[in-house]
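> Next comes query.txt, compact mmCIF, C-alpha atoms and all ligand atoms:
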# COMPACT_ATOMS: atom_id res chain seq x y z
CA MET C 276 92.31 69.50 102.99
CA VAL C 277 91.80 72.56 100.84
CA PRO C 278 88.16 73.06 99.77
CA PRO C 279 87.37 72.57 96.07
CA LEU C 280 88.35 75.50 93.90
CA TYR C 281 87.07 76.76 90.60
CA ARG C 282 88.66 74.62 87.95
CA GLY C 283 89.41 76.85 84.98
CA ARG C 284 92.01 76.21 82.34
CA LEU C 285 95.33 77.48 83.61
CA VAL C 286 98.84 77.52 82.28
CA THR C 287 100.51 74.68 84.12
CA GLY C 288 103.75 74.45 82.19
CA PRO C 289 106.53 76.72 81.00
CA LYS C 290 105.86 78.99 78.01
CA LYS C 291 109.15 77.83 76.51
CA PRO C 292 110.96 75.04 78.35
CA ILE C 293 114.74 75.04 77.95
CA ARG C 294 115.67 71.61 76.57
CA ASN C 295 118.84 72.16 74.57
CA PHE C 296 121.66 74.68 74.21
CA GLU C 297 119.89 76.66 71.47
CA GLU C 298 116.86 77.16 73.71
CA PHE C 299 119.16 78.00 76.60
CA ARG C 300 120.91 80.61 74.45
CA ASP C 301 117.55 82.14 73.47
CA ALA C 302 116.46 82.35 77.12
CA LEU C 303 119.80 83.77 78.22
CA THR C 304 119.91 86.51 75.61
CA ALA C 305 116.27 87.53 76.02
CA TYR C 306 117.59 90.72 77.67
CA ARG C 307 118.34 92.20 74.25
CA LEU C 308 114.88 93.45 73.32
CA PRO C 309 114.18 94.91 76.80
CA GLY C 310 117.59 96.64 76.47
CA VAL C 311 116.52 98.19 73.17
CA ILE C 312 113.18 99.35 74.60
CA ILE C 313 114.81 100.82 77.70
CA ALA C 314 117.33 102.75 75.57
CA GLY C 315 114.34 104.16 73.65
CA LEU C 316 112.67 105.18 76.89
CA GLU C 317 115.86 106.66 78.35
CA LEU C 318 116.33 108.79 75.24
CA GLU C 319 112.64 109.80 75.37
CA LEU C 320 112.56 108.69 71.75
CA PHE C 321 108.81 107.98 71.67
CA THR C 322 108.02 111.40 73.11
CA LYS C 323 110.30 113.15 70.60
CA LEU C 324 108.76 111.21 67.69
CA GLY C 325 105.28 112.30 68.81
CA ASP C 326 102.89 112.05 65.88
CA LYS C 327 105.40 113.06 63.17
CA THR C 328 107.44 110.99 60.71
CA TRP C 329 111.22 111.37 61.02
CA THR C 330 114.37 110.59 59.06
CA ILE C 331 117.40 109.24 60.91
CA PRO C 332 119.51 112.44 60.52
CA GLU C 333 116.60 114.52 61.91
CA LEU C 334 116.18 112.18 64.85
CA ALA C 335 119.91 112.06 65.60
CA LYS C 336 119.92 115.85 65.73
CA VAL C 337 116.91 116.28 67.99
CA LEU C 338 118.00 113.48 70.37
CA HIS C 339 121.69 114.57 70.40
CA VAL C 340 122.86 111.05 69.54
CA SER C 341 124.83 109.41 66.75
CA GLU C 342 123.12 108.61 63.44
CA ARG C 343 124.55 105.10 63.52
CA GLY C 344 123.21 104.49 67.01
CA VAL C 345 119.73 105.79 66.44
CA ALA C 346 119.44 104.00 63.07
CA ILE C 347 120.13 100.64 64.69
CA LEU C 348 117.90 101.45 67.68
CA CYS C 349 114.96 102.52 65.50
CA ARG C 350 115.29 99.52 63.19
CA ASN C 351 115.03 97.21 66.20
CA LEU C 352 112.11 99.11 67.71
CA ALA C 353 110.38 98.80 64.35
CA MET C 354 111.16 95.07 64.27
CA ALA C 355 109.44 94.83 67.69
CA GLY C 356 106.38 96.71 66.41
CA LEU C 357 106.83 99.86 68.51
CA LEU C 358 107.84 102.02 65.50
CA ILE C 359 106.63 101.93 61.91
CA LYS C 360 109.40 102.01 59.30
CA LYS C 361 108.83 103.22 55.75
CA GLY C 362 111.96 103.44 53.61
CA GLY C 363 114.34 105.63 55.57
CA THR C 364 111.67 107.13 57.85
CA TYR C 365 110.18 106.15 61.22
CA ARG C 366 107.04 107.02 63.14
CA ASN C 367 105.49 105.82 66.39
CA SER C 368 103.09 102.88 66.48
CA ARG C 369 99.73 103.64 68.11
CA LEU C 370 100.89 102.28 71.48
CA ALA C 371 104.17 104.20 71.36
CA ALA C 372 102.41 107.45 70.37
CA THR C 373 100.12 107.20 73.41
CA ALA C 374 101.29 105.15 76.43
CA LEU C 375 105.01 105.83 75.76
CA ASN C 376 104.70 109.49 74.78
CA ALA C 377 105.00 111.99 77.65
CA ASN C 378 102.97 114.55 75.69
CA HIS C 379 99.94 112.28 75.43
CA PRO C 380 97.24 112.08 78.16
CA ALA C 381 97.43 108.25 78.08
CA TYR C 382 101.15 108.30 78.98
CA ARG C 383 102.09 105.63 81.59
CA GLY C 384 105.27 107.42 82.65
CA SER C 385 105.30 106.44 86.33
CA TYR C 386 105.07 102.75 85.51
CA LEU C 387 107.70 103.09 82.76
CA ASP C 388 110.06 104.82 85.21
CA LEU C 389 109.58 102.05 87.77
CA VAL C 390 110.36 99.32 85.24
CA LYS C 391 113.31 101.32 83.83
CA ASN C 392 114.81 101.49 87.32
CA HIS C 393 114.21 97.78 87.83
CA TRP C 394 116.42 97.06 84.81
CA ALA C 395 119.48 98.14 86.82
CA ASP C 396 118.18 96.42 89.97
CA TRP C 397 117.76 93.06 88.26
CA ALA C 398 121.40 93.24 87.17
CA ARG C 399 122.24 93.09 90.90
CA LEU C 400 120.17 89.99 91.63
CA THR C 401 123.19 87.92 92.70
CA GLU C 402 123.67 90.33 95.65
CA SER C 403 120.17 89.61 96.93
CA VAL C 404 120.54 85.88 96.41
CA ARG C 405 123.75 86.00 98.51
CA THR C 406 122.28 88.02 101.37
CA GLY C 407 118.60 87.05 101.20
CA LEU C 408 117.95 90.76 101.66
CA PRO C 409 116.42 93.37 99.38
CA LEU C 410 118.76 95.72 97.52
CA ASP C 411 119.52 98.89 99.46
CA HIS C 412 117.69 97.42 102.46
CA ASP C 413 119.45 99.85 104.79
CA VAL C 414 118.25 102.95 102.88
CA PRO C 415 115.06 104.40 104.44
CA GLU C 416 112.10 104.97 102.16
CA GLU C 417 111.55 108.56 101.01
CA PRO C 418 108.02 110.00 100.77
CA ASP C 419 108.67 110.90 97.14
CA TYR C 420 109.48 107.28 96.38
CA ARG C 421 106.12 106.19 97.81
CA ARG C 422 104.30 108.80 95.73
CA ARG C 423 106.05 107.75 92.52
CA PHE C 424 105.44 104.07 93.27
CA THR C 425 101.75 104.73 93.91
CA TRP C 426 101.38 106.54 90.59
CA ALA C 427 103.18 103.62 88.95
CA MET C 428 100.60 101.23 90.42
CA HIS C 429 97.83 103.40 88.98
CA HIS C 430 99.43 103.42 85.54
CA ARG C 431 99.90 99.66 85.79
CA THR C 432 96.28 98.75 86.51
CA LEU C 433 94.04 101.49 85.14
CA ASP C 434 92.98 99.31 82.17
CA VAL C 435 92.56 96.07 84.06
CA ALA C 436 90.66 97.41 87.12
CA PRO C 437 87.36 98.15 85.28
CA LYS C 438 87.53 94.74 83.56
CA ILE C 439 87.84 93.01 86.94
CA ALA C 440 85.12 95.21 88.46
CA SER C 441 82.72 94.25 85.67
CA GLN C 442 83.17 90.52 86.40
CA LEU C 443 83.29 90.52 90.18
CA SER C 444 79.84 90.54 91.74
CA LEU C 445 79.47 92.95 94.68
CA HIS C 446 75.70 92.63 94.66
CA GLY C 447 74.32 93.60 98.09
CA VAL C 448 77.74 94.77 99.30
CA LYS C 449 77.57 98.14 101.05
CA THR C 450 81.07 98.58 102.46
CA LEU C 451 84.44 97.57 101.03
CA LEU C 452 87.85 97.98 102.61
CA ASP C 453 90.69 98.20 100.06
CA LEU C 454 93.57 97.02 102.24
CA GLY C 455 96.90 98.20 100.83
CA SER C 456 94.97 100.20 98.29
CA GLY C 457 97.86 102.18 96.84
CA PRO C 458 96.22 104.60 94.39
CA GLY C 459 92.77 103.04 94.95
CA THR C 460 92.42 102.20 91.25
CA PHE C 461 90.52 98.99 91.98
CA ALA C 462 88.24 100.56 94.61
CA MET C 463 87.40 103.38 92.18
CA ALA C 464 86.46 100.80 89.53
CA PHE C 465 84.26 98.95 92.06
CA LEU C 466 82.53 102.21 93.00
CA ALA C 467 81.94 103.11 89.36
CA LYS C 468 80.29 99.72 88.78
CA ASN C 469 78.28 99.59 92.05
CA PRO C 470 76.38 102.85 92.72
CA SER C 471 75.37 102.04 96.32
CA LEU C 472 78.84 100.88 97.41
CA ARG C 473 81.08 102.89 99.75
CA ALA C 474 84.80 102.10 99.96
CA THR C 475 87.62 102.81 102.40
CA LEU C 476 91.19 103.01 101.16
CA CYS C 477 93.81 101.88 103.65
CA ASP C 478 97.51 102.55 103.06
CA ARG C 479 100.47 104.66 104.11
CA PRO C 480 99.94 108.45 104.19
CA ASP C 481 101.98 109.24 101.05
CA ALA C 482 100.12 106.60 99.04
CA LEU C 483 96.77 107.95 100.20
CA GLU C 484 97.80 111.46 99.16
CA VAL C 485 98.10 110.18 95.57
CA ALA C 486 94.82 108.25 95.94
CA ARG C 487 93.05 111.48 96.96
CA GLU C 488 94.44 113.27 93.88
CA ILE C 489 93.13 110.50 91.64
CA ALA C 490 89.76 110.30 93.42
CA ALA C 491 89.28 114.05 92.92
CA THR C 492 89.07 113.39 89.18
CA HIS C 493 86.38 110.68 89.54
CA LYS C 494 82.62 111.14 89.85
CA ALA C 495 82.39 108.42 92.51
CA GLY C 496 85.29 109.84 94.54
CA HIS C 497 82.96 111.22 97.24
CA ARG C 498 82.00 107.63 98.20
CA LEU C 499 85.58 106.99 99.36
CA SER C 500 87.09 107.39 102.81
CA TYR C 501 90.69 106.99 103.88
CA LEU C 502 92.49 105.06 106.62
CA SER C 503 96.13 105.94 107.04
CA LEU C 504 97.77 103.17 109.02
CA ASP C 505 100.25 100.31 109.05
CA LEU C 506 98.10 97.37 108.04
CA MET C 507 100.45 94.84 109.60
CA LYS C 508 100.74 96.61 112.96
CA ASP C 509 97.77 98.84 113.66
CA GLU C 510 94.26 97.95 114.63
CA ILE C 511 91.90 98.28 111.67
CA PRO C 512 88.86 100.27 112.79
CA GLY C 513 85.35 99.59 111.47
CA THR C 514 83.55 96.61 109.98
CA PHE C 515 83.06 95.81 106.31
CA ASP C 516 81.16 93.51 103.95
CA VAL C 517 84.22 92.92 101.74
CA VAL C 518 87.96 93.29 102.27
CA TRP C 519 89.84 93.57 98.97
CA TYR C 520 93.51 92.59 99.45
CA SER C 521 95.17 93.12 96.10
CA ASN C 522 98.85 92.72 95.34
CA VAL C 523 99.87 92.89 98.99
CA LEU C 524 100.01 89.16 99.84
CA HIS C 525 103.32 88.81 97.95
CA ILE C 526 105.00 91.55 100.00
CA TYR C 527 104.83 89.53 103.20
CA SER C 528 105.82 86.15 104.65
CA PRO C 529 103.36 83.28 105.20
CA GLU C 530 103.31 84.05 108.96
CA GLU C 531 102.61 87.75 108.41
CA ASN C 532 99.78 86.95 105.99
CA GLN C 533 98.30 84.33 108.30
CA GLY C 534 98.25 86.85 111.17
CA LEU C 535 96.67 89.43 108.90
CA PHE C 536 93.95 87.04 107.68
CA LYS C 537 92.81 86.54 111.29
CA ARG C 538 92.61 90.29 111.80
CA VAL C 539 90.79 90.72 108.48
CA ARG C 540 88.23 88.15 109.56
CA SER C 541 87.58 90.13 112.72
CA VAL C 542 86.67 93.28 110.74
CA LEU C 543 84.32 91.45 108.36
CA ASN C 544 80.59 91.32 108.94
CA PRO C 545 79.01 87.84 109.22
CA GLY C 546 78.71 86.51 105.67
CA GLY C 547 81.41 88.99 104.58
CA ARG C 548 84.16 88.13 102.15
CA VAL C 549 87.89 88.62 101.79
CA ILE C 550 88.90 88.78 98.13
CA ILE C 551 92.60 88.34 97.45
CA GLN C 552 94.20 89.25 94.15
CA ASP C 553 97.77 88.13 93.61
CA ALA C 554 100.31 86.32 91.45
CA PHE C 555 99.27 82.82 92.52
CA LEU C 556 101.14 79.67 91.60
CA HIS C 557 98.87 76.91 90.42
CA ASP C 558 100.75 73.67 89.89
CA ARG C 559 101.71 71.12 92.51
CA GLU C 560 105.41 72.06 92.56
CA GLY C 561 104.72 75.81 92.69
CA LEU C 562 106.53 76.67 89.45
CA PHE C 563 103.84 78.12 87.19
CA PRO C 564 102.56 80.38 85.72
CA GLU C 565 105.96 81.74 84.70
CA GLU C 566 104.86 85.29 85.48
CA ALA C 567 103.97 84.41 89.08
CA SER C 568 107.23 82.52 89.56
CA LEU C 569 109.37 85.36 88.20
CA PHE C 570 107.48 87.82 90.38
CA SER C 571 108.94 86.14 93.46
CA VAL C 572 112.36 87.31 92.23
CA SER C 573 111.12 90.91 92.39
CA MET C 574 110.04 90.22 95.95
CA LEU C 575 113.53 88.97 96.79
CA LEU C 576 115.02 92.13 95.28
CA PHE C 577 112.64 94.60 96.89
CA THR C 578 111.00 93.22 100.04
CA ASP C 579 112.20 91.85 103.37
CA THR C 580 110.01 88.77 103.52
CA GLY C 581 107.90 88.65 100.32
CA ASN C 582 107.39 85.77 97.91
CA THR C 583 104.70 84.35 95.65
CA TYR C 584 102.37 81.67 96.97
CA SER C 585 100.20 78.88 95.69
CA VAL C 586 96.42 78.97 95.69
CA ALA C 587 96.52 75.82 97.84
CA GLU C 588 98.69 77.28 100.63
CA THR C 589 96.85 80.62 100.66
CA SER C 590 93.55 78.71 100.86
CA GLU C 591 94.91 76.78 103.82
CA TRP C 592 95.84 80.03 105.63
CA LEU C 593 92.33 81.34 104.97
CA LYS C 594 90.84 78.15 106.33
CA GLN C 595 92.98 78.38 109.46
CA ALA C 596 91.81 81.96 109.95
CA GLY C 597 88.19 80.71 109.96
CA PHE C 598 87.14 81.47 106.39
CA THR C 599 84.88 79.04 104.57
CA ALA C 600 83.64 78.57 100.99
CA ILE C 601 87.15 79.31 99.71
CA ARG C 602 87.26 79.38 95.93
CA ARG C 603 89.05 80.90 93.00
CA LEU C 604 86.92 83.41 91.13
CA PRO C 605 86.87 82.97 87.37
CA ILE C 606 87.93 86.03 85.39
CA LYS C 607 87.99 85.95 81.59
CA LYS C 608 91.41 85.25 80.12
CA GLY C 609 93.00 88.46 78.89
CA SER C 610 91.12 90.62 81.39
CA GLU C 611 92.97 89.48 84.53
CA ASP C 612 95.70 91.18 86.51
CA TRP C 613 97.26 87.73 87.07
CA GLU C 614 96.31 84.39 85.61
CA GLY C 615 93.87 82.67 87.99
CA GLY C 616 94.69 85.51 90.37
CA ILE C 617 91.57 85.97 92.50
CA LEU C 618 90.76 83.94 95.59
CA GLU C 619 87.81 84.46 97.90
CA GLY C 620 86.99 83.32 101.44
CA ARG C 621 83.79 83.92 103.40
CA VAL C 622 83.01 84.51 107.07
CA PRO C 623 80.23 82.12 108.08
CA VAL C 624 76.90 83.96 108.48
CA GLU C 625 76.41 82.65 112.00
CA ASP C 626 79.85 83.90 112.94
CA ALA C 627 79.67 86.09 116.00
CA ARG C 628 83.25 86.13 117.13
CA ARG C 629 84.57 89.62 117.20
CA ASN C 630 87.45 89.30 119.63
CA ASP C 631 90.20 88.21 117.37
CA ARG C 632 91.90 91.52 116.62
CA ARG C 633 95.56 90.72 116.62
CA THR C 634 98.64 92.77 115.99
CA GLY C 635 101.72 91.64 114.13
CA SER C 636 105.05 93.15 113.22
CA THR C 637 106.27 94.61 109.99
CA LYS C 638 109.51 95.85 108.57
CA SER C 639 109.79 98.75 106.23
CA SER C 640 111.03 98.12 102.74
CA ARG C 641 111.16 99.75 99.37
CA THR C 642 109.06 98.68 96.39
CA ARG C 643 105.99 97.54 98.25
C1 LIG C 701 101.92 96.57 95.17
S1 LIG C 701 100.95 97.82 95.89
C2 LIG C 701 99.31 97.31 95.46
C3 LIG C 701 98.35 98.47 95.29
C4 LIG C 701 96.93 98.06 94.88
N1 LIG C 701 96.29 97.29 95.91
C5 LIG C 701 96.93 97.31 93.59
O1 LIG C 701 96.53 96.14 93.55
O2 LIG C 701 97.34 97.89 92.56
C6 LIG C 701 101.00 97.42 97.61
C7 LIG C 701 100.40 98.50 98.47
O3 LIG C 701 100.33 98.02 99.82
C8 LIG C 701 100.74 99.05 100.68
N2 LIG C 701 101.29 98.46 101.91
C9 LIG C 701 102.18 97.45 102.02
N3 LIG C 701 102.46 97.22 103.31
C10 LIG C 701 101.74 98.10 104.03
C11 LIG C 701 101.61 98.35 105.42
N4 LIG C 701 102.30 97.64 106.31
N5 LIG C 701 100.76 99.33 105.81
C12 LIG C 701 100.06 100.06 104.90
N6 LIG C 701 100.15 99.86 103.55
C13 LIG C 701 100.98 98.90 103.13
C14 LIG C 701 101.83 99.78 99.91
O4 LIG C 701 102.05 101.09 100.42
C15 LIG C 701 101.26 99.76 98.50
O5 LIG C 701 100.47 100.88 98.24
So, in terms of structure tokens, how does the structure I just supplied come out?
Ligand SMILES: C[S@@+](CC[C@H](N)C(=O)[O-])C[C@H]1O[C@@H](n2cnc3c(N)ncnc32)[C@H](O)[C@@H]1O


Amino acid sequence: MVPPLYRGRLVTGPKKPIRNFEEFRDALTAYRLPGVIIAGLELELFTKLGDKTWTIPELAKVLHVSERGVAILCRNLAMAGLLIKKGGTYRNSRLAATALNANHPAYRGSYLDLVKNHWADWARLTESVRTGLPLDHDVPEEPDYRRRFTWAMHHRTLDVAPKIASQLSLHGVKTLLDLGSGPGTFAMAFLAKNPSLRATLCDRPDALEVAREIAATHKAGHRLSYLSLDLMKDEIPGTFDVVWYSNVLHIYSPEENQGLFKRVRSVLNPGGRVIIQDAFLHDREGLFPEEASLFSVSMLLFTDTGNTYSVAETSEWLKQAGFTAIRRLPIKKGSEDWEGGILEGRVPVEDARRNDRRTGSTKSSRTR
């Protein structure tokens, strides 16, 4: 039996269940607004608008597009709240003028590029359903892809990481391993919040290169060290008080994660904790939250063996790996990466077993 978990209020049903043809039509045609936003991004419309107010003829000229096209595009972006319309003129909303504007320091370009590319990938979903394989599974990963993906991860979580760090107690923790750290955005937030903490980022070499660039701009960056290895295959050197495993669980199969949990336990000090952050499913049938369910489709498109998992099954794997006191950590609604998305397991204090270092196998894939 799975140990008792924190019982917060979670979404356990669909945001909008499809019950009749009208609702089906709405769900089916929900691609329209994303299509409008992606056209805006592809045309670099938000960057061109900058902080000025534009008429349609001016915009058509500067973007080299038709007046009819840009008029309809801008009207719809204004309807969505990304542009402000006044008479015949348009300007950026605050969000568009910052996060969507390549000339602004708060620009999230790497994440926007990733999502823009996924637009075309999702249109090929039937291929992946047929084969059970990720798209372009036979194309080897390029170092530049890994760098761009790592920047995208940073742009995705740079707001949420400090919010999580402020709610997650690392009192008394001296060493933290960020396993599959990517850019190290979460580890940096933990360091900023906990002045006596030291953290180790573990990832592939090209991801760690980006992490080093980011760390160089942070005051706490000197409390970081780096482990370049294959976390599924290689031995993990050292011992730690906490292993932070964020957004990696979904890349791998249940068997791969179970093998990893045993190896993670062997690098934790007695009383140490593994803290897992992921898109967990929470209801009995494994359907909700919607976001976590839909994320499994991304895993079908982009990974060899990935999926999304329930809190109950992940807790069971932790238990089998020898973790105790397994519980979901409460994070305030609106400040989470995923709803109900943090699960913790502890190594018993009396635990002395240190001989369980196992190796597993991994396959390379894009979009991990
Ligand atoms: C989705 S990103 C998550 C990054 C970060 N932990 C976060 O929560 O934003 C997954 C990371 O795990 C890394 N990763 C996945 N499999 C790995 C492996 N076998 N060895 C090393 N790193 C791996 C990827 O390179 C990537 O940086």

> With 10 Å as the threshold, what does the neighbourhood of (97.2, 103.5, 92.9) contain in terms of residues, counting only C-alpha atoms? Coordinates are those of the file; answer as number ranges by chain.

C: 422-433, 455-463, 482-483, 485-487, 489

> Calculated over all atoms listed in the file, which of the candidates C:Leu316, C:Val311, C:Ile606, C:Leu618 has the smallest distance to C:Ser441?

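Ranking C:Leu316, C:Val311, C:Ile606, C:Leu618 by distance to C:Ser441, first place goes to C:Ile606.
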
> Skip C:Gly315 itself and residues of its chain fewer than 6 positions away, then list as a PyMOL selection string all residues within 12 Å of it, counting all atoms listed in the file.

chain C and resi 308-309+321-324+338+340+344-353+357-358+367+371+375-376+387+391

> C:Asp553, C:Asp478, C:Asp505, C:Glu333: which is nearest C:Glu611, counting all atoms listed in the file?

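That would be C:Asp553, the residue with the smallest distance to C:Glu611.
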
> Take atom CA of C:Val549 and atom CA of C:Phe598 and report the distance between them in Å, one decimal.

8.5 Å

> Calculated over all atoms listed in the file, which of the candidates C:Ala554, C:Leu502, C:Ala305, C:Val337 has the smallest distance to C:Leu318?

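Under the stated criterion, the closest residue is C:Val337.
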
> Between C:Thr583, C:Ser571, C:Ser541, C:Gln552, which residue has the minimum interatomic distance to ligand LIG 701 (chain C), considering only C-alpha atoms and all ligand atoms?

C:Gln552

> Please determine, counting all atoms listed in the file, which residue among C:Val518, C:Val448, C:Val622, C:Met507 has the shortest atom-to-atom distance to C:Gly597.

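Checking each candidate against C:Gly597, we get C:Val622 as the closest.
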
> Please indicate the distance in Å from atom CA of C:Tyr365 to atom CA of C:Ser341, rounded to one decimal place.

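So the answer is 16.0 Å.
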
> From the set C:Asn544, C:Asn532, C:Asn522, C:Thr578, which residue has the shortest atom-to-atom contact distance to ligand LIG 701 (chain C), counting only C-alpha atoms and all ligand atoms?

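For ligand LIG 701 (chain C), the nearest of the given residues is C:Asn522.
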
> Could you tell me how far atom CA of C:Lys291 sits from atom CA of C:Ile312, in Å to one decimal place?

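If I compute the distance from atom CA of C:Ile312 to atom CA of C:Lys291, I get 22.0 Å.
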
> Supply stretch 302-321 of chain C as a short mmCIF file (atom, residue, chain, number, x, y, z; two decimals), in the coordinates of the input, with N, CA and C atoms built in where the input has gaps.


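Output contents, as saved in result-v9.cif:
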data_model
loop_
_atom_site.label_atom_id
_atom_site.label_comp_id
_atom_site.auth_asym_id
_atom_site.auth_seq_id
_atom_site.Cartn_x
_atom_site.Cartn_y
_atom_site.Cartn_z
N ALA C 302 116.94 81.86 75.82
CA ALA C 302 116.46 82.35 77.12
C ALA C 302 117.47 83.31 77.73
N LEU C 303 118.75 82.97 77.59
CA LEU C 303 119.80 83.77 78.22
C LEU C 303 119.92 85.15 77.60
N THR C 304 119.70 85.23 76.31
CA THR C 304 119.91 86.51 75.61
C THR C 304 118.59 87.27 75.42
N ALA C 305 117.58 86.85 76.15
CA ALA C 305 116.27 87.53 76.02
C ALA C 305 116.33 88.96 76.56
N TYR C 306 117.45 89.34 77.18
CA TYR C 306 117.59 90.72 77.67
C TYR C 306 117.76 91.74 76.55
N ARG C 307 118.00 91.26 75.33
CA ARG C 307 118.34 92.20 74.25
C ARG C 307 117.19 93.14 73.89
N LEU C 308 116.00 92.59 73.70
CA LEU C 308 114.88 93.45 73.32
C LEU C 308 114.51 94.42 74.45
N PRO C 309 114.39 93.94 75.72
CA PRO C 309 114.18 94.91 76.80
C PRO C 309 115.25 96.01 76.81
N GLY C 310 116.51 95.64 76.50
CA GLY C 310 117.59 96.64 76.47
C GLY C 310 117.32 97.70 75.42
N VAL C 311 116.85 97.27 74.27
CA VAL C 311 116.52 98.19 73.17
C VAL C 311 115.37 99.12 73.60
N ILE C 312 114.34 98.54 74.20
CA ILE C 312 113.18 99.35 74.60
C ILE C 312 113.58 100.36 75.67
N ILE C 313 114.40 99.91 76.62
CA ILE C 313 114.81 100.82 77.70
C ILE C 313 115.68 101.95 77.15
N ALA C 314 116.54 101.66 76.20
CA ALA C 314 117.33 102.75 75.57
C ALA C 314 116.38 103.76 74.93
N GLY C 315 115.33 103.26 74.27
CA GLY C 315 114.34 104.16 73.65
C GLY C 315 113.67 105.03 74.70
N LEU C 316 113.33 104.41 75.83
CA LEU C 316 112.67 105.18 76.89
C LEU C 316 113.64 106.19 77.51
N GLU C 317 114.88 105.76 77.74
CA GLU C 317 115.86 106.66 78.35
C GLU C 317 116.12 107.88 77.47
N LEU C 318 116.10 107.67 76.17
CA LEU C 318 116.33 108.79 75.24
C LEU C 318 115.07 109.61 74.98
N GLU C 319 113.96 109.17 75.59
CA GLU C 319 112.64 109.80 75.37
C GLU C 319 112.31 109.84 73.88
N LEU C 320 112.72 108.78 73.20
CA LEU C 320 112.56 108.69 71.75
C LEU C 320 111.09 108.76 71.32
N PHE C 321 110.23 108.04 72.08
CA PHE C 321 108.81 107.98 71.67
C PHE C 321 108.13 109.34 71.85
#
